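Enquirer: Got entry_29.txt for you, compact mmCIF, C-alpha atoms and all ligand atoms:
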# COMPACT_ATOMS: atom_id res chain seq x y z
CA MET A 1 -5.42 19.57 5.96
CA ARG A 2 -3.83 17.49 8.73
CA ILE A 3 -5.83 14.40 9.81
CA SER A 4 -5.41 13.05 13.30
CA LEU A 5 -7.02 9.80 14.44
CA ARG A 6 -6.83 9.23 18.17
CA GLY A 7 -7.59 5.89 19.78
CA ILE A 8 -10.27 4.81 17.29
CA SER A 9 -12.09 1.57 18.20
CA LYS A 10 -15.07 -0.04 16.50
CA ARG A 11 -16.90 -3.31 17.14
CA PHE A 12 -19.53 -5.04 15.01
CA GLY A 13 -21.22 -7.39 17.51
CA ASN A 14 -18.40 -9.51 18.92
CA LEU A 15 -15.98 -8.60 16.14
CA LYS A 16 -13.33 -6.00 16.95
CA ALA A 17 -13.02 -4.27 13.55
CA LEU A 18 -10.67 -1.55 14.91
CA GLU A 19 -8.70 -1.51 18.15
CA CYS A 20 -7.39 1.80 19.42
CA VAL A 21 -6.02 3.03 16.09
CA SER A 22 -4.03 6.27 16.26
CA LEU A 23 -2.58 7.83 13.10
CA ASP A 24 -1.43 11.24 11.95
CA VAL A 25 -1.64 12.15 8.28
CA ALA A 26 0.30 15.30 7.40
CA ASP A 27 -1.15 18.16 5.39
CA ARG A 28 -0.77 17.47 1.61
CA GLU A 29 0.18 13.83 2.18
CA LEU A 30 -0.87 10.89 -0.03
CA PHE A 31 -1.32 8.37 2.78
CA PHE A 32 -2.15 4.68 2.26
CA LEU A 33 -4.04 2.25 4.48
CA LEU A 34 -2.74 -1.13 3.35
CA GLY A 35 -3.74 -4.54 4.65
CA PRO A 36 -5.44 -7.83 3.86
CA SER A 37 -9.19 -8.16 3.40
CA GLY A 38 -11.10 -7.65 6.65
CA CYS A 39 -8.32 -5.80 8.54
CA GLY A 40 -10.52 -2.71 9.03
CA LYS A 41 -9.27 -0.30 6.33
CA THR A 42 -12.68 0.56 4.91
CA THR A 43 -14.20 0.89 8.39
CA LEU A 44 -11.47 3.42 9.28
CA LEU A 45 -12.06 5.35 6.03
CA ARG A 46 -15.82 5.42 6.68
CA ILE A 47 -15.18 6.74 10.19
CA VAL A 48 -13.06 9.56 8.73
CA ALA A 49 -15.85 10.29 6.21
CA GLY A 50 -18.46 10.26 8.99
CA PHE A 51 -20.55 7.37 7.56
CA THR A 52 -19.67 5.13 10.52
CA GLN A 53 -19.48 6.25 14.15
CA PRO A 54 -16.54 4.96 16.23
CA ASP A 55 -17.26 3.36 19.62
CA ALA A 56 -14.28 5.24 21.04
CA GLY A 57 -11.70 7.74 19.84
CA GLU A 58 -11.61 11.02 17.96
CA VAL A 59 -11.21 12.21 14.37
CA TRP A 60 -9.58 15.61 13.90
CA PHE A 61 -9.14 17.66 10.72
CA GLY A 62 -6.59 20.32 11.66
CA ASP A 63 -7.81 21.91 14.90
CA ARG A 64 -11.41 20.72 14.44
CA CYS A 65 -12.75 17.64 16.23
CA LEU A 66 -15.26 15.96 13.90
CA ASN A 67 -17.00 13.60 16.32
CA GLY A 68 -20.73 14.14 15.83
CA VAL A 69 -20.25 16.17 12.59
CA PRO A 70 -22.32 14.64 9.73
CA PRO A 71 -20.55 13.53 6.50
CA HIS A 72 -21.78 16.44 4.35
CA LYS A 73 -20.28 18.98 6.79
CA ARG A 74 -16.76 17.44 6.73
CA ASN A 75 -15.82 18.69 3.25
CA THR A 76 -14.44 15.37 2.06
CA GLY A 77 -14.48 13.99 -1.48
CA MET A 78 -14.90 10.24 -1.81
CA VAL A 79 -14.16 7.77 -4.62
CA PHE A 80 -15.33 4.15 -4.45
CA GLN A 81 -14.21 1.13 -6.44
CA ASN A 82 -17.49 0.91 -8.38
CA TYR A 83 -17.38 4.56 -9.69
CA ALA A 84 -21.02 5.19 -8.54
CA LEU A 85 -21.79 7.61 -11.42
CA TRP A 86 -25.32 8.61 -12.43
CA PRO A 87 -25.97 6.67 -15.69
CA HIS A 88 -28.58 9.13 -17.04
CA MET A 89 -26.34 12.20 -16.65
CA THR A 90 -23.48 13.30 -18.89
CA VAL A 91 -19.93 13.43 -17.60
CA ALA A 92 -20.19 17.19 -17.03
CA GLU A 93 -23.55 16.83 -15.23
CA ASN A 94 -22.13 14.10 -13.00
CA VAL A 95 -19.23 16.33 -12.03
CA ALA A 96 -21.49 19.38 -11.58
CA TYR A 97 -23.92 17.59 -9.28
CA GLY A 98 -22.06 18.32 -6.02
CA LEU A 99 -21.81 21.99 -6.93
CA GLU A 100 -25.53 22.21 -7.74
CA VAL A 101 -26.40 20.73 -4.34
CA ARG A 102 -24.14 23.36 -2.76
CA GLY A 103 -26.00 26.15 -4.65
CA PHE A 104 -23.20 27.32 -6.98
CA LYS A 105 -24.32 29.66 -9.80
CA ARG A 106 -24.25 28.40 -13.40
CA ASP A 107 -21.15 30.34 -14.57
CA GLU A 108 -19.05 29.39 -11.57
CA ARG A 109 -20.28 25.81 -11.84
CA ASP A 110 -19.26 25.53 -15.51
CA ARG A 111 -15.84 27.01 -14.77
CA LEU A 112 -15.15 24.60 -11.89
CA VAL A 113 -16.44 21.57 -13.83
CA ASN A 114 -14.21 22.47 -16.75
CA GLU A 115 -11.23 22.88 -14.44
CA ALA A 116 -11.88 19.50 -12.76
CA LEU A 117 -12.25 17.75 -16.13
CA GLN A 118 -8.99 19.35 -17.25
CA THR A 119 -7.27 18.05 -14.11
CA VAL A 120 -8.30 14.47 -14.95
CA ARG A 121 -7.80 15.09 -18.72
CA LEU A 122 -11.39 14.40 -19.77
CA GLU A 123 -12.53 17.74 -21.28
CA SER A 124 -13.13 16.03 -24.63
CA VAL A 125 -15.77 13.62 -23.28
CA ALA A 126 -17.76 16.12 -21.16
CA ASP A 127 -21.00 15.46 -23.11
CA ARG A 128 -20.86 11.66 -23.10
CA ARG A 129 -22.74 9.39 -20.73
CA PRO A 130 -20.79 7.04 -18.37
CA SER A 131 -21.80 3.97 -20.45
CA GLU A 132 -19.87 5.48 -23.38
CA LEU A 133 -16.62 5.55 -21.40
CA SER A 134 -13.96 2.96 -20.49
CA GLY A 135 -13.61 1.84 -16.86
CA GLY A 136 -10.53 4.01 -16.45
CA GLN A 137 -12.34 7.07 -17.84
CA GLN A 138 -15.34 6.43 -15.56
CA GLN A 139 -13.05 6.31 -12.55
CA ARG A 140 -11.47 9.60 -13.65
CA VAL A 141 -14.98 11.13 -13.79
CA ALA A 142 -15.50 9.90 -10.22
CA LEU A 143 -12.21 11.57 -9.27
CA ALA A 144 -13.24 14.84 -10.98
CA ARG A 145 -16.57 14.73 -9.13
CA ALA A 146 -14.72 14.33 -5.82
CA LEU A 147 -12.20 17.08 -6.65
CA VAL A 148 -14.63 19.69 -7.99
CA ILE A 149 -15.99 20.58 -4.55
CA ARG A 150 -12.43 21.48 -3.46
CA PRO A 151 -12.44 19.00 -0.58
CA ASP A 152 -10.11 19.42 2.39
CA VAL A 153 -9.57 15.67 2.36
CA LEU A 154 -9.87 13.12 -0.45
CA LEU A 155 -10.87 9.55 0.51
CA LEU A 156 -10.24 6.76 -2.02
CA ASP A 157 -11.54 3.25 -1.33
CA GLU A 158 -9.80 0.69 -3.61
CA PRO A 159 -10.30 3.04 -6.61
CA LEU A 160 -8.41 0.84 -9.07
CA SER A 161 -9.64 -2.63 -8.16
CA ASN A 162 -12.30 -2.79 -10.91
CA LEU A 163 -9.81 -1.97 -13.67
CA ASP A 164 -7.67 -4.30 -15.75
CA ALA A 165 -3.91 -4.47 -15.11
CA ARG A 166 -2.88 -1.98 -17.80
CA LEU A 167 -5.45 0.66 -16.81
CA ARG A 168 -4.54 0.19 -13.17
CA LEU A 169 -0.91 1.09 -13.93
CA GLU A 170 -2.01 4.09 -15.98
CA LEU A 171 -4.36 5.41 -13.29
CA ARG A 172 -1.73 4.93 -10.56
CA GLU A 173 0.41 7.49 -12.34
CA GLU A 174 -2.60 9.68 -13.03
CA ILE A 175 -3.71 9.81 -9.38
CA ARG A 176 -0.14 10.53 -8.25
CA ARG A 177 0.10 13.35 -10.84
CA ILE A 178 -3.26 14.81 -9.75
CA HIS A 179 -2.15 14.67 -6.13
CA ASP A 180 1.12 16.45 -6.94
CA GLN A 181 -0.91 19.12 -8.72
CA THR A 182 -3.70 19.62 -6.14
CA HIS A 183 -1.85 18.68 -2.91
CA ILE A 184 -5.13 17.61 -1.31
CA THR A 185 -4.52 15.46 1.77
CA THR A 186 -5.53 11.99 0.61
CA LEU A 187 -6.32 8.76 2.44
CA TYR A 188 -6.15 5.81 0.06
CA VAL A 189 -7.34 2.28 0.96
CA THR A 190 -5.92 -0.74 -0.85
CA HIS A 191 -4.77 -4.33 -0.37
CA GLU A 192 -2.30 -4.01 -3.28
CA GLN A 193 1.26 -3.68 -2.02
CA LYS A 194 2.65 -2.51 -5.38
CA GLU A 195 0.03 0.22 -5.57
CA SER A 196 1.05 1.58 -2.19
CA LEU A 197 4.80 1.19 -2.74
CA SER A 198 4.65 3.03 -6.06
CA MET A 199 2.29 5.85 -5.06
CA ALA A 200 2.36 6.58 -1.34
CA ASP A 201 4.17 9.26 0.61
CA ARG A 202 3.61 7.03 3.64
CA ILE A 203 1.85 3.74 4.32
CA ALA A 204 0.10 2.36 7.41
CA VAL A 205 0.15 -1.44 7.26
CA MET A 206 -2.90 -2.81 9.09
CA ARG A 207 -3.69 -6.24 10.47
CA SER A 208 -6.75 -7.39 12.43
CA GLY A 209 -7.96 -3.89 13.30
CA MET A 210 -4.54 -2.58 14.35
CA VAL A 211 -1.70 -0.67 12.72
CA GLU A 212 1.52 -2.73 12.58
CA GLN A 213 3.79 -0.12 11.00
CA VAL A 214 3.72 3.39 9.55
CA GLY A 215 6.45 4.61 7.24
CA ALA A 216 7.60 5.67 3.80
CA PRO A 217 7.50 2.88 1.16
CA ARG A 218 11.27 2.29 1.20
CA ALA A 219 11.39 2.16 5.00
CA VAL A 220 8.49 -0.28 5.28
CA TYR A 221 9.91 -2.54 2.55
CA SER A 222 13.53 -2.53 3.69
CA LYS A 223 12.95 -2.32 7.45
CA PRO A 224 9.67 -4.13 8.19
CA ALA A 225 8.68 -3.88 11.86
CA THR A 226 7.15 -7.37 12.01
CA ARG A 227 7.25 -10.62 10.10
CA PHE A 228 3.66 -9.98 8.98
CA VAL A 229 4.67 -6.63 7.40
CA ALA A 230 7.71 -8.23 5.70
CA ASP A 231 5.47 -10.88 4.12
CA PHE A 232 2.59 -8.59 3.22
CA ILE A 233 4.63 -5.88 1.51
CA GLY A 234 6.76 -8.31 -0.51
CA GLU A 235 8.16 -11.83 -0.60
CA CYS A 236 10.52 -13.15 2.06
CA ASN A 237 12.51 -16.32 2.78
CA TRP A 238 12.42 -17.45 6.43
CA LEU A 239 14.86 -19.72 8.25
CA PRO A 240 14.50 -20.68 11.90
CA GLY A 241 17.65 -19.76 13.81
CA THR A 242 19.25 -19.22 17.20
CA ILE A 243 21.28 -16.18 18.23
CA ASN A 244 24.85 -17.25 18.74
CA ALA A 245 27.29 -14.82 20.36
CA ASN A 246 25.85 -11.34 20.16
CA ALA A 247 28.78 -8.91 19.95
CA ALA A 248 28.63 -5.12 19.53
CA GLY A 249 27.29 -4.22 16.09
CA THR A 250 27.15 -7.68 14.55
CA CYS A 251 26.06 -11.10 15.67
CA LEU A 252 25.93 -14.64 14.38
CA VAL A 253 22.78 -16.68 14.00
CA ALA A 254 22.94 -20.46 13.75
CA THR A 255 20.56 -22.01 11.21
CA ASP A 256 20.23 -25.50 9.68
CA SER A 257 21.96 -24.12 6.58
CA GLY A 258 24.94 -22.68 8.46
CA GLN A 259 25.88 -19.52 10.40
CA LEU A 260 24.71 -16.10 9.25
CA GLU A 261 26.21 -12.78 10.21
CA VAL A 262 23.53 -10.12 10.81
CA HIS A 263 23.34 -6.47 11.87
CA ASP A 264 21.09 -4.71 14.37
CA ALA A 265 20.62 -7.70 16.66
CA ALA A 266 21.15 -5.79 19.90
CA ARG A 267 17.52 -6.31 20.94
CA PHE A 268 18.04 -10.10 21.08
CA ASN A 269 19.58 -12.24 23.82
CA ASP A 270 22.20 -14.89 23.35
CA ARG A 271 20.55 -18.26 22.49
CA GLN A 272 17.21 -16.59 21.67
CA SER A 273 15.09 -18.32 18.98
CA VAL A 274 14.58 -16.08 15.96
CA TRP A 275 13.28 -16.02 12.40
CA VAL A 276 15.95 -15.02 9.91
CA GLY A 277 14.42 -13.40 6.83
CA PHE A 278 15.73 -12.07 3.52
CA ARG A 279 14.03 -11.14 0.29
CA PRO A 280 14.53 -13.14 -2.94
CA GLU A 281 16.32 -10.20 -4.58
CA ALA A 282 18.78 -10.05 -1.65
CA VAL A 283 20.16 -13.46 -2.64
CA GLN A 284 23.17 -12.84 -4.87
CA PHE A 285 25.02 -15.36 -7.00
CA GLY A 286 28.79 -15.24 -6.42
CA VAL A 287 31.46 -15.39 -3.78
CA SER A 288 31.58 -13.27 -0.62
CA GLN A 289 33.46 -13.09 2.69
CA VAL A 290 30.20 -13.41 4.66
CA ASN A 291 27.03 -15.49 4.57
CA GLN A 292 28.20 -17.76 1.78
CA PHE A 293 26.14 -20.83 0.92
CA ARG A 294 26.29 -23.54 -1.70
CA ALA A 295 22.89 -23.73 -3.34
CA ARG A 296 21.39 -26.34 -5.62
CA VAL A 297 18.98 -25.12 -8.31
CA ALA A 298 15.67 -26.91 -7.63
CA GLN A 299 13.58 -24.86 -10.08
CA VAL A 300 14.33 -22.12 -12.55
CA THR A 301 11.99 -19.87 -14.54
CA TYR A 302 13.32 -17.50 -17.21
CA LEU A 303 11.19 -14.35 -17.57
CA GLY A 304 13.32 -12.22 -19.90
CA GLU A 305 14.18 -9.28 -17.66
CA LEU A 306 14.73 -11.59 -14.71
CA GLU A 307 15.11 -15.19 -13.75
CA GLN A 308 13.32 -16.75 -10.77
CA TYR A 309 14.90 -19.57 -8.81
CA VAL A 310 13.96 -22.00 -6.10
CA LEU A 311 17.26 -22.96 -4.45
CA GLU A 312 18.01 -25.68 -1.97
CA LEU A 313 20.48 -24.73 0.78
CA PRO A 314 22.46 -27.16 2.96
CA GLY A 315 20.11 -28.73 5.51
CA GLY A 316 17.39 -29.11 2.88
CA ILE A 317 15.90 -25.60 3.27
CA THR A 318 14.47 -24.12 0.07
CA ILE A 319 14.51 -20.39 -0.67
CA LYS A 320 13.48 -18.13 -3.54
CA ALA A 321 16.01 -16.03 -5.42
CA LEU A 322 15.88 -13.52 -8.29
CA ASP A 323 18.52 -12.64 -10.85
CA ALA A 324 17.89 -9.33 -12.63
CA ASN A 325 19.30 -9.06 -16.16
CA PRO A 326 20.05 -12.81 -16.31
CA VAL A 327 23.02 -13.74 -18.46
CA GLU A 328 24.40 -16.91 -16.92
CA VAL A 329 22.48 -20.13 -17.63
CA ARG A 330 22.03 -22.13 -14.39
CA ALA A 331 20.34 -25.45 -15.07
CA ARG A 332 18.30 -27.52 -12.60
CA ASN A 333 20.37 -29.61 -10.18
CA THR A 334 23.56 -27.61 -10.71
CA GLU A 335 25.25 -26.05 -7.65
CA TRP A 336 26.26 -22.39 -7.28
CA PRO A 337 27.74 -20.17 -4.61
CA VAL A 338 25.25 -17.59 -3.27
CA TYR A 339 25.38 -15.04 -0.47
CA VAL A 340 23.18 -12.56 1.42
CA LEU A 341 24.68 -9.36 2.80
CA PRO A 342 24.17 -8.90 6.57
CA ARG A 343 22.39 -5.55 6.05
CA ASN A 344 19.70 -7.36 4.01
CA VAL A 345 18.80 -9.85 6.74
CA PHE A 346 15.74 -9.29 8.98
CA LEU A 347 15.44 -10.82 12.44
CA PHE A 348 12.24 -11.37 14.39
CA PRO A 349 11.62 -13.25 17.63
CA ARG A 350 10.38 -16.83 17.27
CA SER A 351 8.40 -18.59 19.97
CA ASP A 352 9.02 -22.35 19.92
P1 LIG A 401 -11.83 -5.36 2.38
O1 LIG A 401 -10.51 -5.09 1.75
O2 LIG A 401 -12.31 -6.77 2.17
O3 LIG A 401 -12.87 -4.33 2.10
P2 LIG A 401 -11.28 -4.08 4.93
O4 LIG A 401 -9.89 -4.17 5.45
O5 LIG A 401 -11.69 -2.82 4.30
O6 LIG A 401 -11.56 -5.32 3.98
P3 LIG A 401 -13.56 -3.71 6.63
O7 LIG A 401 -14.53 -3.62 5.51
O8 LIG A 401 -13.23 -2.45 7.34
O9 LIG A 401 -12.22 -4.42 6.17
O10 LIG A 401 -14.12 -4.76 7.68
C1 LIG A 401 -13.45 -5.08 8.89
C2 LIG A 401 -14.24 -6.19 9.57
O11 LIG A 401 -15.49 -5.69 10.03
C3 LIG A 401 -14.56 -7.35 8.65
O12 LIG A 401 -14.46 -8.56 9.39
C4 LIG A 401 -15.99 -7.10 8.23
O13 LIG A 401 -16.66 -8.30 7.93
C5 LIG A 401 -16.57 -6.40 9.45
N1 LIG A 401 -17.63 -5.42 9.11
C6 LIG A 401 -17.46 -4.31 8.37
N2 LIG A 401 -18.62 -3.61 8.28
C7 LIG A 401 -19.54 -4.31 8.98
C8 LIG A 401 -20.93 -4.11 9.29
N3 LIG A 401 -21.59 -3.04 8.85
N4 LIG A 401 -21.55 -5.07 10.03
C9 LIG A 401 -20.86 -6.13 10.51
N5 LIG A 401 -19.57 -6.37 10.27
C10 LIG A 401 -18.90 -5.48 9.52
Hey, can you dump this file as structure tokens for me?
Expert:
Amino acid sequence: MRISLRGISKRFGNLKALECVSLDVADRELFFLLGPSGCGKTTLLRIVAGFTQPDAGEVWFGDRCLNGVPPHKRNTGMVFQNYALWPHMTVAENVAYGLEVRGFKRDERDRLVNEALQTVRLESVADRRPSELSGGQQQRVALARALVIRPDVLLLDEPLSNLDARLRLELREEIRRIHDQTHITTLYVTHEQKESLSMADRIAVMRSGMVEQVGAPRAVYSKPATRFVADFIGECNWLPGTINANAAGTCLVATDSGQLEVHDAARFNDRQSVWVGFRPEAVQFGVSQVNQFRARVAQVTYLGELEQYVLELPGGITIKALDANPVEVRARNTEWPVYVLPRNVFLFPRSD
């Protein structure tokens, strides 16, 4: 089911929780709303569910405008971070509840409950109560309960945030697998960048009630539209710079650490103030024809599969760097050649 949000705005008193948000979620997509606390993700999800009314804008499922349609007539399944299971009912009864309310007959109900429990791999605990399950299992019951009614749209609000790190990783894979099996259009709210990068078909990065960028995980990570997106979806080093001689295709940016060659700078004017950004893993140790620096090791942390560095560049600027599969030992206060390829450098306007 395609979801279309058109110009959605919502205020709470003086606070603009959402400002003219427009988004299209394709049929069968696993779509993430990602952003820091308070950016309006949950409000947008609640508007799609019908629990909150927008001040302006429209919600469409396919060709149907849902403004004014109550939540129980939208055919959505919802999963919250706190599971919200009935403690006095068994797993099977919890899952069956939505079908009972909808008047399904016993045989059909049992068949659908069994199918939903199979989907989340919990057939063996159908007769237990929620208190006899782990957090991860309880959240899978909540998923089965949402899936059993065959929703057109599945809405997940931070479903993994109550789980410990190991279970979170396990359930990430589980939800992705269930989505690949059911293909239900899913809107998933989180503030965890790794969760969205590893699971999403596409991500909308939100900030202060607005959408800053929509794209596939790789596109958002490697081509962030704003400095905020670059920082929120991963780590980034930033150097203030000035555009210096913008020629076709490439340009040079002057920074306190030296000149950098960059790509895709056509949107900038000569002498314009910019932020030059590159990710820690884009810093490579070794010699190159372009963007070569001498770096002093200010801090080094060995983590087995990788080594983390804080490096000092000429001009006193410190940056972070990562070495995957570290072999070479680089002690504090030693100097090493490093470089950053032009294609890995981001540029954003800087107002002085
Ligand atoms: P979190 O990750 O912390 O849940 P969020 O991105 O989901 O954050 P929302 O819950 O949508 O953000 O809230 C957006 C803003 O609207 C916040 O500043 C919040 O305090 C405010 N807000 C949300 N619901 C209400 C309400 N019912 N009454 C007043 N203010 C609200």
Enquirer: Any chance you could work out the axis-aligned box around ligand LIG 401 (chain A), listed atoms only, 5 Å on each side, giving centre and edge lengths in Å to one decimal, as JSON?
Expert:
{"center_x": -15.7, "center_y": -5.5, "center_z": 6.1, "size_x": 21.7, "size_y": 16.1, "size_z": 18.8}
Enquirer: Identify, counting only C-alpha atoms and all ligand atoms, the protein, DNA and RNA residues located within 6 Å of ligand LIG 401 (chain A), and give them as a PyMOL selection string.
Expert: chain A and resi 12+17+36-43
Enquirer: Could those residues be written to a file, using C-alpha atoms, as a PDB file, in the coordinates of the input?
Expert:
ATOM      1  CA  PHE A  12     -19.530  -5.040  15.010  1.00  0.00           C
ATOM      2  CA  ALA A  17     -13.020  -4.270  13.550  1.00  0.00           C
ATOM      3  CA  PRO A  36      -5.440  -7.830   3.860  1.00  0.00           C
ATOM      4  CA  SER A  37      -9.190  -8.160   3.400  1.00  0.00           C
ATOM      5  CA  GLY A  38     -11.100  -7.650   6.650  1.00  0.00           C
ATOM      6  CA  CYS A  39      -8.320  -5.800   8.540  1.00  0.00           C
ATOM      7  CA  GLY A  40     -10.520  -2.710   9.030  1.00  0.00           C
ATOM      8  CA  LYS A  41      -9.270  -0.300   6.330  1.00  0.00           C
ATOM      9  CA  THR A  42     -12.680   0.560   4.910  1.00  0.00           C
ATOM     10  CA  THR A  43     -14.200   0.890   8.390  1.00  0.00           C
TER      11      THR A  43
END
Enquirer: Would you work out the distance separating CA of Ile319 in chain A from CA of Gln193 in chain A, expressed in Å to one decimal?
Expert: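 So the two atoms, CA of Ile319 in chain A and CA of Gln193 in chain A, lie 21.4 Å apart.
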Enquirer: Write out as a ChimeraX atom specification each polymer residue whose atoms come within 12 Å of Arg102 in chain A, counting only C-alpha atoms; drop sequence neighbours fewer than 5 positions from it.
Expert: /A:72-73,75,96-97,108-109,148-150
Enquirer: Extract, using only C-alpha atoms, all DNA, RNA and protein residues at most 8 Å from Arg350 in chain A, discarding same-chain residues fewer than 6 positions from it, and format them as number ranges by chain.
Expert: A: 240, 273-275
Enquirer: Mind giving me the straight-line distance from CA of Ser22 in chain A to CA of Ile184 in chain A in Å, one decimal?
Expert: 20.9 Å
Enquirer: So, with only C-alpha atoms as the atoms that count, which of A:Asn67, A:Asn114, A:Ser351, A:Ser198 lies closest to Arg168 in chain A?
Expert: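 The closest residue to Arg168 in chain A is A:Ser198.
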Enquirer: Could you pull the residues within 9 Å of Thr190 in chain A, counting all atoms listed in the file, minus those fewer than 6 positions along the same chain, as a PyMOL selection string?
Expert: chain A and resi 32-36+41-42+156-161+196
Enquirer: Measure the distance from CA of Arg121 in chain A to CA of Ser134 in chain A in Å and round it to one decimal.
Expert: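 Between these atoms lies a distance of 13.7 Å.
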Enquirer: Scan for residues within 6 Å of the point (-13.6, -2.0, -7.5) in the coordinates of the file, using only C-alpha atoms, and reply as a PyMOL selection string.
Expert: chain A and resi 81-82+161-162
Enquirer: At a cut-off of 9 Å, using all atoms listed in the file, what residues contact Leu44 in chain A? Leave out same-chain residues fewer than 6 positions from it and give the result as a count of residues only.
Expert: 8
Enquirer: Could you list as a PyMOL selection string every residue that has an atom within 6 Å of (17.2, -10.8, 13.7), using the file's coordinates and counting all atoms listed in the file?
Expert: chain A and resi 265+276+346-348
Enquirer: Which residue is closest to Gly77 in chain A? Choose from A:Val229, A:Met89, A:Ala165, A:Ala144 and count only C-alpha atoms.
Expert: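 Checking each candidate against Gly77 in chain A, we get A:Ala144 as the closest.
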Enquirer: Which residue is closest to Pro280 in chain A? Choose from A:Asp256, A:Ala295, A:Val113, A:Val340 and count only C-alpha atoms.
Expert: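 The shortest atom-to-atom distance to Pro280 in chain A comes from A:Val340.
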Enquirer: Got a sec: who's within 7 Å of Arg202 in chain A, counting only C-alpha atoms, leaving out chain neighbours fewer than 4 positions off, as an MDAnalysis selection string?
Expert: chainID A and resid 30:32 214:217
Enquirer: My list of candidates is A:Ala92, A:Ile47, A:Val153, A:Val120. Which is closest to Ala26 in chain A when distances are computed with all atoms listed in the file?
Expert: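 With all atoms listed in the file as the atom set, the closest residue is A:Val153.
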Enquirer: Can you work out which one of A:Ser124, A:Gln213, A:Asn237, A:Thr76 has the shortest atom-to-atom distance to Leu322 in chain A, counting only C-alpha atoms?
Expert: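 Of all the options, A:Asn237 lies closest to Leu322 in chain A.
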Enquirer: Taking into account all atoms listed in the file, which residue in the set A:Gly277, A:Gly258, A:Gly98, A:Pro349 is nearest to Pro314 in chain A?
Expert: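 Ranked by minimum distance to Pro314 in chain A, first place goes to A:Gly258.
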Enquirer: Just range 146-157 of chain A, please, as a CSV table (one decimal), in the first residue's frame (only N, CA, C and O atoms).
Expert:
chain,number,residue,atom,x,y,z
A,146,ALA,N,0.4,-7.4,15.6
A,146,ALA,CA,0.2,-6.4,14.6
A,146,ALA,C,0.0,-7.0,13.2
A,146,ALA,O,-0.8,-6.5,12.4
A,147,LEU,N,0.7,-8.1,12.9
A,147,LEU,CA,0.7,-8.7,11.6
A,147,LEU,C,-0.6,-9.6,11.4
A,147,LEU,O,-1.0,-9.7,10.2
A,148,VAL,N,-1.2,-10.1,12.4
A,148,VAL,CA,-2.2,-11.1,12.3
A,148,VAL,C,-3.5,-10.5,11.6
A,148,VAL,O,-4.2,-11.3,10.9
A,149,ILE,N,-3.7,-9.2,11.8
A,149,ILE,CA,-4.9,-8.6,11.2
A,149,ILE,C,-4.7,-8.3,9.7
A,149,ILE,O,-5.5,-7.7,9.1
A,150,ARG,N,-3.5,-8.8,9.1
A,150,ARG,CA,-3.2,-8.5,7.8
A,150,ARG,C,-3.3,-7.0,7.5
A,150,ARG,O,-4.1,-6.6,6.6
A,151,PRO,N,-2.5,-6.1,8.2
A,151,PRO,CA,-2.7,-4.7,8.0
A,151,PRO,C,-2.2,-4.3,6.6
A,151,PRO,O,-1.3,-4.9,6.0
A,152,ASP,N,-2.7,-3.2,6.1
A,152,ASP,CA,-2.2,-2.6,4.8
A,152,ASP,C,-0.9,-1.9,5.1
A,152,ASP,O,0.0,-1.8,4.2
A,153,VAL,N,-0.7,-1.4,6.3
A,153,VAL,CA,0.4,-0.6,6.7
A,153,VAL,C,0.9,-1.0,8.1
A,153,VAL,O,0.0,-1.1,9.0
A,154,LEU,N,2.2,-1.2,8.3
A,154,LEU,CA,2.7,-1.5,9.6
A,154,LEU,C,3.4,-0.3,10.2
A,154,LEU,O,4.2,0.3,9.5
A,155,LEU,N,3.1,0.1,11.4
A,155,LEU,CA,3.7,1.3,12.0
A,155,LEU,C,4.5,0.8,13.2
A,155,LEU,O,4.0,0.3,14.2
A,156,LEU,N,5.8,1.1,13.2
A,156,LEU,CA,6.7,0.6,14.3
A,156,LEU,C,7.3,1.9,15.0
A,156,LEU,O,8.0,2.6,14.3
A,157,ASP,N,7.1,2.1,16.3
A,157,ASP,CA,7.6,3.2,17.0
A,157,ASP,C,8.7,2.8,18.0
A,157,ASP,O,8.4,2.3,19.0
